Amino acid sequence: MEKNNNNLPAANGHALTNGNGVIAAQEPATPPAADGWGQTLWNIWDAFADVAWFIICCIGYILQDLYYIAFGYPEKELNTDIALITGGGNGLGRLLAERLGKMGTKVIIWDINKKGIAETVEIVEEAGGYCKGYVVDISKKEEVYKAADVIRAEVGDITLLINNAGVVSGLHLLDTPDHLIERSFNVNVMAHFWTTKAFLPKMIENDRGHIATIASLAGHVGISKLVDYCASKFAAVGFDEALRLELEVLGHTNIRTTCICPFFIQATGMFDDVNARWVPTLNPNDVADRVIVAIRKNEKLAVIPGFLKVLLSFKWTFPWGCVGGLLKRLVPDASPHGLPSSIVAPSPPKSQAKSMSADIAALDAELSSVTLPAKPPSMLIQRTPSLGERVL
């Protein structure tokens, strides 16, 4: 008769059998106190070694940066790249396309302005560069993904992505129509997700790529009349930093990112009428040159002008009264010629209110009645900018 050993008790009162009924050997128990102290000492040592290694790496990065400051940063060539510039139909995007075209880069531009696209392509080609343009509304991810497939088939894999397109409303928050707030986020930050998801996989596959985010100093500080714009640019700055860190964690160190944060730029159609003091508005050609340099040097963050990087540190150092006072004096009015405030003035006369409502309704109806051809001449649709919107 076989003895059933399945219920043999162990020293601690538990059976020591495995699934086949075979008695398993029990390891001698480690005294809880000794085990706890050993783990604690190991955790302390591990933390100390990690901090020490972090400090050593920081010293190395600082010395490397000082060396580059003294002898110059290495610059990469862009003549073998294929660059995509969103918002390339005018403004800063057009200036970037011109410069890249002269450097031998194949340039692709996306915009909602078909006429502006044609003008940019003509300018780049007259200077001897290669440029193709497509009408794409980057706020719609389906269009972005479709256009990305077309570019890969017709031109090749994008190696330099410049998320440049942007819009601004320039109104107080309560005066800003909901669709303009949504449009600011869709163009200024959500589009960055769609374009990056469209082109990053091939960059990773080819172990080569660069993503540049044209953000703004308004992505670091708040400005009156730019609540939606600042919020979207804060998000764009965060997008760049988080994406850079994620790529490093995943080991894709050959995919670079650069965040460009300029002060207000002249003659781009966005902040031409801005009322700014103490810091002059920027020449768009100077900004374009600085953007190209930042990309070639693989800079992580380029604040334009550079001395404002020092002032940004004051934001987290001084009381809000100091920071708010500086910002109000630096930019007294970001949009002096925005939509008239009377449109949303409180309690207007009934007859005037009815007239204003009718005018706004008629204008919105006119914008929404813009029809598109069944088969647009370009591969995607052409969109008319919304009321109060200024496109970069």
# chains A, B, ... in the order shown; residues from 1 in each chain; ligands from 1
$ select_by_dssp --residues "stretch 138-188 of chain A" --states "strand (DSSP E or B)" --output "list in words"
Leu160, Leu161, Ile162, Asn163, Val167 and Val168 of chain A
$ residues_around --residues "A:Val121" --least-positions-apart "3" --cutoff "7 Å" --atoms "only C-alpha atoms" --output "PyMOL selection string"
chain A and resi 117-118+124-125+131-133
$ select_by_dssp --residues "stretch 6-155 of chain A" --states "helix (DSSP H, G or I)" --output "PyMOL selection string"
chain A and resi 32-71+91-102+114-126+141-154
$ atom_distance --atom1 "atom CA of A:Ile204" --atom2 "atom CA of A:Asn254"
8.4 Å
$ residues_around --residues "A:Lys309" --least-positions-apart "6" --cutoff "10 Å" --atoms "only C-alpha atoms" --output "PyMOL selection string"
chain A and resi 217+261+301-303
$ write_last_selection --atoms "N, CA and C atoms" --output "PDB file, in the first residue's frame"
ATOM      1  N   LEU A 217       8.354  81.555 -28.188  1.00  0.00           N
ATOM      2  CA  LEU A 217       8.562  81.947 -26.800  1.00  0.00           C
ATOM      3  C   LEU A 217       7.242  81.929 -26.043  1.00  0.00           C
ATOM      4  N   CYS A 261      12.218  78.380 -30.608  1.00  0.00           N
ATOM      5  CA  CYS A 261      11.319  79.255 -29.852  1.00  0.00           C
ATOM      6  C   CYS A 261      11.686  80.718 -30.100  1.00  0.00           C
ATOM      7  N   LEU A 301      17.447  73.025 -28.271  1.00  0.00           N
ATOM      8  CA  LEU A 301      16.546  74.166 -28.069  1.00  0.00           C
ATOM      9  C   LEU A 301      17.226  75.425 -28.573  1.00  0.00           C
ATOM     10  N   ALA A 302      16.540  76.154 -29.426  1.00  0.00           N
ATOM     11  CA  ALA A 302      17.061  77.420 -29.937  1.00  0.00           C
ATOM     12  C   ALA A 302      16.073  78.526 -29.596  1.00  0.00           C
ATOM     13  N   VAL A 303      16.440  79.363 -28.637  1.00  0.00           N
ATOM     14  CA  VAL A 303      15.625  80.523 -28.275  1.00  0.00           C
ATOM     15  C   VAL A 303      16.145  81.718 -29.052  1.00  0.00           C
TER      16      VAL A 303
END
$ residues_around --residues "A:Asn188" --least-positions-apart "6" --cutoff "7 Å" --atoms "only C-alpha atoms" --output "list in words"
Ala165, Gly166, Val167, Ser232 and Lys233 of chain A
$ closest_atom_pairs --of "stretch 21-131 of chain A" --to "stretch 277-292 of chain A" --cutoff "12 Å" --atoms "only C-alpha atoms" --output "tab-separated table"
residue	atom	partner	partner_atom	distance
A:Glu75	CA	A:Ile292	CA	10.2
A:Lys76	CA	A:Ile292	CA	10.6
A:Glu77	CA	A:Ile292	CA	10.7
A:Leu78	CA	A:Ile292	CA	9.6
A:Ala83	CA	A:Ile292	CA	11.9
A:Asn90	CA	A:Pro284	CA	11.2
A:Gly91	CA	A:Pro284	CA	7.7
A:Leu92	CA	A:Pro284	CA	6.3
A:Gly93	CA	A:Ala288	CA	8.4
A:Arg94	CA	A:Ala288	CA	9.3
A:Leu95	CA	A:Ala288	CA	6.2
A:Leu96	CA	A:Ala288	CA	5.7
A:Ala97	CA	A:Ala288	CA	9.4
A:Glu98	CA	A:Ala288	CA	9.6
A:Arg99	CA	A:Ile292	CA	7.9
A:Leu100	CA	A:Ile292	CA	8.0
A:Gly101	CA	A:Ile292	CA	11.7
A:Lys102	CA	A:Ile292	CA	11.9
A:Met103	CA	A:Ile292	CA	10.4
A:Thr105	CA	A:Ile292	CA	11.8
$ write_last_selection --atoms "all heavy atoms" --output "short mmCIF file (atom, residue, chain, number, x, y, z; two decimals), in the first residue's frame"
data_model
loop_
_atom_site.label_atom_id
_atom_site.label_comp_id
_atom_site.auth_asym_id
_atom_site.auth_seq_id
_atom_site.Cartn_x
_atom_site.Cartn_y
_atom_site.Cartn_z
N GLU A 75 28.81 70.86 -37.75
CA GLU A 75 27.60 71.06 -38.53
C GLU A 75 27.47 69.95 -39.57
O GLU A 75 28.44 69.61 -40.25
CB GLU A 75 27.63 72.42 -39.24
CG GLU A 75 27.63 73.60 -38.28
CD GLU A 75 27.50 74.93 -39.01
OE1 GLU A 75 27.31 74.91 -40.25
OE2 GLU A 75 27.57 75.99 -38.35
N LYS A 76 26.29 69.38 -39.66
CA LYS A 76 26.06 68.31 -40.64
C LYS A 76 25.58 68.91 -41.96
O LYS A 76 25.02 70.01 -42.01
CB LYS A 76 25.04 67.31 -40.11
CG LYS A 76 23.65 67.89 -39.87
CD LYS A 76 22.73 66.84 -39.27
CE LYS A 76 21.33 67.40 -39.01
NZ LYS A 76 20.44 66.42 -38.36
N GLU A 77 25.81 68.19 -43.02
CA GLU A 77 25.34 68.60 -44.34
C GLU A 77 23.91 68.11 -44.55
O GLU A 77 23.52 67.05 -44.05
CB GLU A 77 26.26 68.03 -45.43
CG GLU A 77 27.70 68.54 -45.37
CD GLU A 77 27.79 70.05 -45.57
OE1 GLU A 77 26.94 70.60 -46.32
OE2 GLU A 77 28.68 70.67 -44.98
N LEU A 78 23.15 68.89 -45.29
CA LEU A 78 21.76 68.55 -45.54
C LEU A 78 21.47 68.29 -47.02
O LEU A 78 20.31 68.18 -47.42
CB LEU A 78 20.84 69.70 -45.05
CG LEU A 78 20.96 70.06 -43.56
CD1 LEU A 78 20.09 71.27 -43.24
CD2 LEU A 78 20.59 68.88 -42.67
N ALA A 83 13.42 66.97 -47.22
CA ALA A 83 12.80 67.76 -46.14
C ALA A 83 11.33 68.04 -46.46
O ALA A 83 10.99 68.38 -47.59
CB ALA A 83 13.55 69.07 -45.94
N ASN A 90 4.10 80.30 -47.51
CA ASN A 90 4.50 81.70 -47.30
C ASN A 90 5.27 81.82 -45.99
O ASN A 90 5.57 80.81 -45.36
CB ASN A 90 3.26 82.63 -47.26
CG ASN A 90 2.25 82.21 -46.20
OD1 ASN A 90 2.57 81.50 -45.26
ND2 ASN A 90 1.01 82.65 -46.37
N GLY A 91 5.60 83.03 -45.61
CA GLY A 91 6.22 83.31 -44.33
C GLY A 91 7.52 82.56 -44.09
O GLY A 91 8.33 82.36 -45.01
N LEU A 92 7.71 82.13 -42.86
CA LEU A 92 8.95 81.47 -42.47
C LEU A 92 9.15 80.16 -43.24
O LEU A 92 10.27 79.80 -43.59
CB LEU A 92 8.94 81.20 -40.96
CG LEU A 92 10.16 80.52 -40.38
CD1 LEU A 92 11.41 81.37 -40.58
CD2 LEU A 92 9.95 80.22 -38.89
N GLY A 93 8.06 79.44 -43.50
CA GLY A 93 8.17 78.19 -44.23
C GLY A 93 8.78 78.37 -45.61
O GLY A 93 9.61 77.57 -46.05
N ARG A 94 8.37 79.43 -46.30
CA ARG A 94 8.93 79.71 -47.62
C ARG A 94 10.41 80.04 -47.53
O ARG A 94 11.22 79.58 -48.35
CB ARG A 94 8.17 80.87 -48.27
CG ARG A 94 8.76 81.32 -49.61
CD ARG A 94 7.92 82.39 -50.25
NE ARG A 94 6.61 81.87 -50.64
CZ ARG A 94 5.63 82.61 -51.14
NH1 ARG A 94 5.79 83.92 -51.27
NH2 ARG A 94 4.48 82.06 -51.50
N LEU A 95 10.79 80.83 -46.53
CA LEU A 95 12.21 81.20 -46.38
C LEU A 95 13.06 79.97 -46.07
O LEU A 95 14.19 79.85 -46.56
CB LEU A 95 12.35 82.23 -45.25
CG LEU A 95 11.65 83.59 -45.49
CD1 LEU A 95 11.78 84.48 -44.27
CD2 LEU A 95 12.22 84.28 -46.73
N LEU A 96 12.53 79.05 -45.27
CA LEU A 96 13.27 77.81 -44.99
C LEU A 96 13.41 76.97 -46.25
O LEU A 96 14.47 76.37 -46.50
CB LEU A 96 12.55 77.01 -43.90
CG LEU A 96 12.53 77.64 -42.50
CD1 LEU A 96 11.64 76.81 -41.57
CD2 LEU A 96 13.94 77.75 -41.93
N ALA A 97 12.35 76.92 -47.05
CA ALA A 97 12.40 76.15 -48.31
C ALA A 97 13.46 76.72 -49.24
O ALA A 97 14.21 75.97 -49.89
CB ALA A 97 11.03 76.16 -48.98
N GLU A 98 13.54 78.04 -49.33
CA GLU A 98 14.56 78.68 -50.18
C GLU A 98 15.96 78.26 -49.75
O GLU A 98 16.80 77.88 -50.58
CB GLU A 98 14.43 80.20 -50.09
CG GLU A 98 13.22 80.79 -50.77
CD GLU A 98 13.22 82.31 -50.67
OE1 GLU A 98 14.25 82.92 -51.05
OE2 GLU A 98 12.22 82.88 -50.19
N ARG A 99 16.22 78.34 -48.46
CA ARG A 99 17.57 78.04 -47.97
C ARG A 99 17.93 76.57 -48.14
O ARG A 99 19.05 76.23 -48.53
CB ARG A 99 17.67 78.46 -46.49
CG ARG A 99 17.82 79.98 -46.35
CD ARG A 99 17.29 80.49 -45.02
NE ARG A 99 17.52 81.93 -44.89
CZ ARG A 99 16.81 82.86 -45.53
NH1 ARG A 99 15.84 82.50 -46.35
NH2 ARG A 99 17.08 84.13 -45.36
N LEU A 100 17.00 75.70 -47.84
CA LEU A 100 17.27 74.27 -48.00
C LEU A 100 17.45 73.92 -49.47
O LEU A 100 18.31 73.09 -49.82
CB LEU A 100 16.14 73.45 -47.39
CG LEU A 100 16.04 73.47 -45.86
CD1 LEU A 100 14.77 72.78 -45.40
CD2 LEU A 100 17.26 72.81 -45.23
N GLY A 101 16.65 74.54 -50.34
CA GLY A 101 16.80 74.28 -51.77
C GLY A 101 18.17 74.65 -52.29
O GLY A 101 18.77 73.92 -53.09
N LYS A 102 18.71 75.77 -51.83
CA LYS A 102 20.04 76.21 -52.25
C LYS A 102 21.13 75.28 -51.72
O LYS A 102 22.23 75.23 -52.28
CB LYS A 102 20.29 77.64 -51.77
CG LYS A 102 19.43 78.68 -52.47
CD LYS A 102 19.67 80.08 -51.90
CE LYS A 102 18.79 81.11 -52.60
NZ LYS A 102 18.97 82.48 -52.03
N MET A 103 20.84 74.57 -50.63
CA MET A 103 21.83 73.66 -50.05
C MET A 103 21.81 72.28 -50.71
O MET A 103 22.59 71.41 -50.34
CB MET A 103 21.59 73.52 -48.55
CG MET A 103 21.74 74.81 -47.76
SD MET A 103 21.20 74.67 -46.04
CE MET A 103 22.39 73.49 -45.43
N THR A 105 19.06 70.28 -50.72
CA THR A 105 18.05 69.43 -50.10
C THR A 105 16.83 69.34 -51.00
O THR A 105 16.40 70.33 -51.59
CB THR A 105 17.63 70.01 -48.73
OG1 THR A 105 18.79 70.24 -47.93
CG2 THR A 105 16.68 69.09 -48.02
#
$ residues_around --residues "stretch 175-186 of chain A" --least-positions-apart "6" --cutoff "7 Å" --atoms "only C-alpha atoms" --output "PDB file with all heavy atoms, in the first residue's frame"
ATOM      1  N   SER A 139      -4.412  69.577 -40.148  1.00  0.00           N
ATOM      2  CA  SER A 139      -5.240  69.367 -38.970  1.00  0.00           C
ATOM      3  C   SER A 139      -6.079  68.098 -39.089  1.00  0.00           C
ATOM      4  O   SER A 139      -6.686  67.665 -38.109  1.00  0.00           O
ATOM      5  CB  SER A 139      -6.163  70.568 -38.739  1.00  0.00           C
ATOM      6  OG  SER A 139      -7.128  70.679 -39.784  1.00  0.00           O
ATOM      7  N   VAL A 167      -1.256  78.801 -36.617  1.00  0.00           N
ATOM      8  CA  VAL A 167      -2.316  79.797 -36.739  1.00  0.00           C
ATOM      9  C   VAL A 167      -2.461  80.524 -35.412  1.00  0.00           C
ATOM     10  O   VAL A 167      -2.079  80.009 -34.355  1.00  0.00           O
ATOM     11  CB  VAL A 167      -3.665  79.171 -37.139  1.00  0.00           C
ATOM     12  CG1 VAL A 167      -3.599  78.575 -38.531  1.00  0.00           C
ATOM     13  CG2 VAL A 167      -4.095  78.115 -36.124  1.00  0.00           C
ATOM     14  N   VAL A 168      -2.996  81.727 -35.467  1.00  0.00           N
ATOM     15  CA  VAL A 168      -3.237  82.515 -34.261  1.00  0.00           C
ATOM     16  C   VAL A 168      -4.528  83.298 -34.460  1.00  0.00           C
ATOM     17  O   VAL A 168      -4.833  83.732 -35.567  1.00  0.00           O
ATOM     18  CB  VAL A 168      -2.050  83.469 -33.968  1.00  0.00           C
ATOM     19  CG1 VAL A 168      -1.860  84.492 -35.065  1.00  0.00           C
ATOM     20  CG2 VAL A 168      -2.233  84.161 -32.623  1.00  0.00           C
ATOM     21  N   SER A 169      -5.283  83.430 -33.372  1.00  0.00           N
ATOM     22  CA  SER A 169      -6.538  84.183 -33.435  1.00  0.00           C
ATOM     23  C   SER A 169      -6.352  85.611 -32.939  1.00  0.00           C
ATOM     24  O   SER A 169      -6.913  86.545 -33.500  1.00  0.00           O
ATOM     25  CB  SER A 169      -7.618  83.474 -32.600  1.00  0.00           C
ATOM     26  OG  SER A 169      -7.799  82.145 -33.052  1.00  0.00           O
ATOM     27  N   ASP A 228      -5.191  80.749 -26.267  1.00  0.00           N
ATOM     28  CA  ASP A 228      -5.222  79.497 -27.037  1.00  0.00           C
ATOM     29  C   ASP A 228      -3.898  79.247 -27.740  1.00  0.00           C
ATOM     30  O   ASP A 228      -3.409  78.118 -27.800  1.00  0.00           O
ATOM     31  CB  ASP A 228      -6.379  79.503 -28.040  1.00  0.00           C
ATOM     32  CG  ASP A 228      -6.331  80.694 -28.993  1.00  0.00           C
ATOM     33  OD1 ASP A 228      -5.765  81.744 -28.617  1.00  0.00           O
ATOM     34  OD2 ASP A 228      -6.875  80.586 -30.107  1.00  0.00           O
ATOM     35  N   TYR A 229      -3.285  80.315 -28.246  1.00  0.00           N
ATOM     36  CA  TYR A 229      -2.008  80.176 -28.941  1.00  0.00           C
ATOM     37  C   TYR A 229      -0.917  79.724 -27.977  1.00  0.00           C
ATOM     38  O   TYR A 229      -0.158  78.789 -28.264  1.00  0.00           O
ATOM     39  CB  TYR A 229      -1.635  81.506 -29.592  1.00  0.00           C
ATOM     40  CG  TYR A 229      -0.354  81.488 -30.385  1.00  0.00           C
ATOM     41  CD1 TYR A 229      -0.322  80.960 -31.672  1.00  0.00           C
ATOM     42  CD2 TYR A 229       0.825  82.007 -29.861  1.00  0.00           C
ATOM     43  CE1 TYR A 229       0.852  80.937 -32.408  1.00  0.00           C
ATOM     44  CE2 TYR A 229       2.001  81.992 -30.590  1.00  0.00           C
ATOM     45  CZ  TYR A 229       2.005  81.452 -31.863  1.00  0.00           C
ATOM     46  OH  TYR A 229       3.180  81.432 -32.592  1.00  0.00           O
ATOM     47  N   SER A 232      -1.325  76.086 -26.937  1.00  0.00           N
ATOM     48  CA  SER A 232      -0.925  75.147 -27.995  1.00  0.00           C
ATOM     49  C   SER A 232       0.587  75.101 -28.157  1.00  0.00           C
ATOM     50  O   SER A 232       1.161  74.040 -28.445  1.00  0.00           O
ATOM     51  CB  SER A 232      -1.603  75.518 -29.317  1.00  0.00           C
ATOM     52  OG  SER A 232      -1.140  76.772 -29.812  1.00  0.00           O
ATOM     53  N   VAL A 344     -18.552  91.221 -29.175  1.00  0.00           N
ATOM     54  CA  VAL A 344     -19.003  90.448 -28.016  1.00  0.00           C
ATOM     55  C   VAL A 344     -19.185  91.335 -26.792  1.00  0.00           C
ATOM     56  O   VAL A 344     -19.103  90.888 -25.673  1.00  0.00           O
ATOM     57  CB  VAL A 344     -17.998  89.325 -27.690  1.00  0.00           C
ATOM     58  CG1 VAL A 344     -18.047  88.258 -28.743  1.00  0.00           C
ATOM     59  CG2 VAL A 344     -16.591  89.881 -27.532  1.00  0.00           C
TER      60      VAL A 344
END
$ residues_around --residues "A:Ala147" --least-positions-apart "5" --cutoff "10 Å" --atoms "only C-alpha atoms" --output "PyMOL selection string"
chain A and resi 110+134-138+141-142+152-153+195+198+379-380
$ atom_distance --atom1 "atom CA of A:Ile55" --atom2 "atom CA of A:Val249"
18.8 Å
$ closest_residue --among "A:Cys230, A:Leu250, A:Val237, A:Ile223" --to "A:Leu327" --atoms "only C-alpha atoms"
A:Ile223
$ residues_around --residues "A:Phe314" --least-positions-apart "5" --cutoff "12 Å" --atoms "only C-alpha atoms" --output "list of chain:residue names"
A:His220, A:Val221, A:Leu308, A:Lys309, A:Pro319, A:Trp320, A:Gly321, A:Cys322, A:Val323, A:Gly324, A:Leu326, A:Leu327
$ write_last_selection --atoms "C-alpha atoms" --output "PDB file, in the first residue's frame"
ATOM      1  CA  HIS A 220       7.272  79.250 -22.292  1.00  0.00           C
ATOM      2  CA  VAL A 221       5.360  82.306 -21.043  1.00  0.00           C
ATOM      3  CA  LEU A 308      15.936  85.628 -23.659  1.00  0.00           C
ATOM      4  CA  LYS A 309      16.971  82.148 -22.521  1.00  0.00           C
ATOM      5  CA  PRO A 319       7.469  86.170  -7.561  1.00  0.00           C
ATOM      6  CA  TRP A 320       4.579  86.277 -10.026  1.00  0.00           C
ATOM      7  CA  GLY A 321       4.221  90.033  -9.539  1.00  0.00           C
ATOM      8  CA  CYS A 322       7.665  90.500 -11.089  1.00  0.00           C
ATOM      9  CA  VAL A 323       7.058  87.995 -13.891  1.00  0.00           C
ATOM     10  CA  GLY A 324       3.574  89.266 -14.739  1.00  0.00           C
ATOM     11  CA  LEU A 326       7.562  92.111 -17.058  1.00  0.00           C
ATOM     12  CA  LEU A 327       5.296  90.257 -19.488  1.00  0.00           C
TER      13      LEU A 327
END
$ atom_distance --atom1 "atom CA of A:Val227" --atom2 "atom CA of A:Leu173"
6.2 Å
$ closest_residue --among "A:Pro74, A:Gly269, A:Pro336, A:Gly219" --to "A:Phe239" --atoms "only C-alpha atoms"
A:Gly219
$ closest_residue --among "A:Cys57, A:Leu84, A:Leu330, A:Ala218" --to "A:Asn275" --atoms "only C-alpha atoms"
A:Leu330
